[in-house]
Amino acid sequence: MDFAAYGRLLQDARLRRLLGVGFIARFPHSAAGVILTLHVAVTLGMGYGMAGLAAAAMTLGIAVGAPWRGRQVDKHGLRRALIPSVIAEGLIWTAVPHLPFPWMLLAVFFGGVFSLPIFSVVRQSLGVLTRGPDRQTAFALDSIITETIFMMGPALGAVVATSWSSVWGLMIVGWSGAVAGLYLMWFNPPTRSSQIMAPSRPDDYTEEEDQQRAVQSAVHGAPAHLDLTAPEVHTGTLPRINPDGTLSDAHQQIPDDAAPAGAPGTSRGGWVGRMRTQFSWVSAQALAVLVVSMAAGILMVGTEVSLVAELEAAGMAGQVGIVYAFWCGASAIGGLLYGAMNTKVSPLVLMTLFALCALPLAFVDGVWPLALVSIVSGLFTAPTLAAASSMLSHIVPEERRGEAMGYYGSAMTAGAAMGAPIAGVFIDLISPEAGYIFAAGVALLMVAAAYVVRAFRRRGRARA
């Protein structure tokens, strides 16, 4: 354990500013879902069924828009890519509370599509500003910050909507997002290594070693052609990643202003060739990370819904915050421990432990037993998300990393969107305890499928 790593990271003013603006800019949209739900259900008096429809429209928009917004950052640079988001945030969310419900659904969908890509930008920039063990620590710290935001943001949104005004709350969400976007455009955190001139330390890994170690941790044993003891070679180029996630034997020069893969003029073999080029970054390891992201979304939201349902059935819904505090606190501690580790752990392994440790929640009753048992599951929450983000930043080339982080966010959003209603069906038909088992079971099945696919890919490469 190297807890001094956090101190070293925070000595860098760029990292402090990036994490700080990420913390502030994520708040508005962490509260938006709760404010929108209460606006439709309470202020408009349309009930929680219609409110769920509005929240689903916003979630769908975010899932659709995140990869596209990330691709625009890769293609045009951060400042140009954020202009549509700044304009849309200010205009759409100002209009949303004043629209008839059908038009509101359309507006919140486009509000989600054009939402500020703060999650992917922060992770993309962290991948540029850090390397070696520091990158794992940085992603762990970002996961802890994210956990804190999603613990405080919805609560703040509920207070604003119930004690003040949901109309003003929705408008403030948009204005805050626009201001955060303007600050990001001014700050302009780097999204490419060519944008920074960072001195290297003797104990730093090279980018090539980072990627090799990431692939090794993902497959539990490096392929024979990966030599982790090879001497450092500084070529000034970006490494190429093969479709299977391994490093190519030769590195080709990629100028900073090169057209991104999938741009006009790079088509080979019609639309099939364009699709292959567009998704050339998708390897077996990248798919495994996206599976982990979706499984984590299902498990976290399914567990939250089950906790609320169980305590509400017992007449103790008002004390659910106690359980959340223990769960999120354990997650923060787990993230701190993981970020101080000197070794990488596969996100598939962490996701498996996360799901298995959520199962005991189905076998205890009462606020304090649930709070204590939730600690075990919470210890693996932030580490799982940190390991997945860190892995993706290693195995995807820089020029495609924004799009990849967008898909990572979309996978988690989709998982969260599926987790709540499907867990709710099991809760209604069987019991609240069935919600925990469903969420953990689906997460384990997804991880098992990722293991099987990866095993087949490895076997196919071995035969070749």
# chains A, B, ... in the order shown; residues from 1 in each chain; ligands from 1

call {"tool": "residues_around", "arguments": {"residues": "A:Ser374", "least_positions_apart": "4", "cutoff": "6 Å", "atoms": "only C-alpha atoms", "output": "JSON, numbers by chain"}}
result
{"A": [327, 370, 378]}

call {"tool": "write_last_selection", "arguments": {"atoms": "N, CA and C atoms", "output": "JSON list (two decimals), in the first residue's frame"}}
result
[["chain", "number", "residue", "atom", "x", "y", "z"],
["A", 327, "TRP", "N", -22.92, 1.99, 3.20],
["A", 327, "TRP", "CA", -22.57, 1.41, 1.89],
["A", 327, "TRP", "C", -21.61, 2.32, 1.14],
["A", 370, "LEU", "N", -28.61, -4.60, 7.85],
["A", 370, "LEU", "CA", -28.39, -4.26, 6.44],
["A", 370, "LEU", "C", -27.20, -3.32, 6.29],
["A", 378, "GLY", "N", -19.93, -2.79, -0.34],
["A", 378, "GLY", "CA", -19.43, -1.45, -0.64],
["A", 378, "GLY", "C", -17.94, -1.39, -0.85]]

call {"tool": "select_by_dssp", "arguments": {"residues": "stretch 91-198 of chain A", "states": "alpha helix (DSSP H)", "output": "ChimeraX atom specification"}}
result
/A:91-95,101-113,118-129,133-163,166-187

call {"tool": "closest_atom_pairs", "arguments": {"of": "stretch 76-169 of chain A", "to": "stretch 337-354 of chain A", "cutoff": "6 Å", "atoms": "only C-alpha atoms", "output": "CSV"}}
result
residue,atom,partner,partner_atom,distance
A:Gln136,CA,A:Gly339,CA,5.8
A:Thr137,CA,A:Gly339,CA,3.9
A:Ala140,CA,A:Gly339,CA,5.0

call {"tool": "write_last_selection", "arguments": {"atoms": "C-alpha atoms", "output": "mmCIF file, in the first residue's frame"}}
result
data_model
loop_
_atom_site.group_PDB
_atom_site.id
_atom_site.type_symbol
_atom_site.label_atom_id
_atom_site.label_comp_id
_atom_site.auth_asym_id
_atom_site.auth_seq_id
_atom_site.Cartn_x
_atom_site.Cartn_y
_atom_site.Cartn_z
ATOM 1 C CA GLN A 136 -4.702 3.584 -10.948
ATOM 2 C CA THR A 137 -4.615 5.927 -7.952
ATOM 3 C CA ALA A 140 -9.648 5.361 -7.689
#

call {"tool": "closest_residue", "arguments": {"among": "A:Ala450, A:Leu53, A:Val121, A:Ile35", "to": "A:Asp74", "atoms": "only C-alpha atoms"}}
result
A:Val121

call {"tool": "closest_residue", "arguments": {"among": "A:Arg123, A:Arg79, A:Arg131, A:Arg8", "to": "A:Leu182", "atoms": "only C-alpha atoms"}}
result
A:Arg79

call {"tool": "residues_around", "arguments": {"residues": "A:Ser165", "least_positions_apart": "2", "cutoff": "12 Å", "atoms": "only C-alpha atoms", "output": "short mmCIF file (atom, residue, chain, number, x, y, z; two decimals) with C-alpha atoms, in the first residue's frame"}}
result
data_model
loop_
_atom_site.label_atom_id
_atom_site.label_comp_id
_atom_site.auth_asym_id
_atom_site.auth_seq_id
_atom_site.Cartn_x
_atom_site.Cartn_y
_atom_site.Cartn_z
CA ILE A 35 -35.86 16.97 -9.55
CA LEU A 36 -37.44 15.87 -12.85
CA LEU A 38 -40.64 15.19 -8.40
CA HIS A 39 -41.59 17.89 -10.90
CA VAL A 42 -45.75 16.20 -7.53
CA THR A 43 -45.67 19.64 -9.15
CA LEU A 44 -47.60 18.54 -12.25
CA PRO A 97 -40.42 22.86 -16.83
CA GLY A 157 -32.13 17.77 -5.61
CA ALA A 158 -34.93 16.40 -3.44
CA VAL A 159 -34.50 19.26 -0.95
CA VAL A 160 -34.60 21.87 -3.74
CA ALA A 161 -37.68 20.33 -5.39
CA THR A 162 -39.70 19.78 -2.21
CA SER A 163 -38.79 22.78 -0.07
CA VAL A 167 -39.25 24.56 -11.81
CA TRP A 168 -36.33 26.63 -10.59
CA GLY A 169 -34.44 23.45 -9.77
CA LEU A 170 -34.60 22.23 -13.39
CA MET A 171 -33.57 25.63 -14.74
CA ILE A 172 -30.64 25.80 -12.31
#

call {"tool": "closest_atom_pairs", "arguments": {"of": "stretch 411-451 of chain A", "to": "stretch 313-324 of chain A", "cutoff": "12 Å", "atoms": "only C-alpha atoms", "output": "JSON lines"}}
result
{"residue": "A:Ile427", "atom": "CA", "partner": "A:Ala313", "partner_atom": "CA", "distance": 10.8}
{"residue": "A:Asp428", "atom": "CA", "partner": "A:Ala313", "partner_atom": "CA", "distance": 11.2}
{"residue": "A:Ser431", "atom": "CA", "partner": "A:Ala313", "partner_atom": "CA", "distance": 9.6}
{"residue": "A:Pro432", "atom": "CA", "partner": "A:Ala313", "partner_atom": "CA", "distance": 8.4}
{"residue": "A:Glu433", "atom": "CA", "partner": "A:Ala313", "partner_atom": "CA", "distance": 11.1}

call {"tool": "write_last_selection", "arguments": {"atoms": "C-alpha atoms", "output": "tab-separated table (two decimals), in the first residue's frame"}}
result
chain	number	residue	atom	x	y	z
A	427	ILE	CA	-39.69	-7.29	-5.80
A	428	ASP	CA	-43.39	-6.96	-6.65
A	431	SER	CA	-40.22	-10.10	-2.26
A	432	PRO	CA	-37.67	-7.31	-1.73
A	433	GLU	CA	-35.04	-9.98	-1.00

call {"tool": "closest_residue", "arguments": {"among": "A:Leu105, A:Met152, A:Ala362, A:Leu392", "to": "A:Leu126", "atoms": "only C-alpha atoms"}}
result
A:Leu392

call {"tool": "closest_residue", "arguments": {"among": "A:Val173, A:Leu361, A:Met412, A:Ala332", "to": "A:Val292", "atoms": "only C-alpha atoms"}}
result
A:Met412

call {"tool": "closest_residue", "arguments": {"among": "A:Gly334, A:Gly424, A:Pro360, A:Pro397", "to": "A:Thr384", "atoms": "only C-alpha atoms"}}
result
A:Gly334

call {"tool": "residues_around", "arguments": {"residues": "A:Met50", "least_positions_apart": "5", "cutoff": "9 Å", "atoms": "only C-alpha atoms", "output": "MDAnalysis selection string"}}
result
chainID A and resid 37 40:41 55

call {"tool": "residues_around", "arguments": {"residues": "A:Tyr183", "least_positions_apart": "2", "cutoff": "12 Å", "atoms": "only C-alpha atoms", "output": "number ranges by chain"}}
result
A: 17-18, 20-22, 24-25, 78-79, 82-83, 86, 116, 118, 176-181, 185-189

call {"tool": "residues_around", "arguments": {"residues": "A:Gly77", "least_positions_apart": "3", "cutoff": "10 Å", "atoms": "only C-alpha atoms", "output": "PyMOL selection string"}}
result
chain A and resi 70-74+80-82+188+190-192

call {"tool": "closest_residue", "arguments": {"among": "A:Gly174, A:Gly7, A:Thr59, A:Ala288", "to": "A:Ala416", "atoms": "only C-alpha atoms"}}
result
A:Thr59
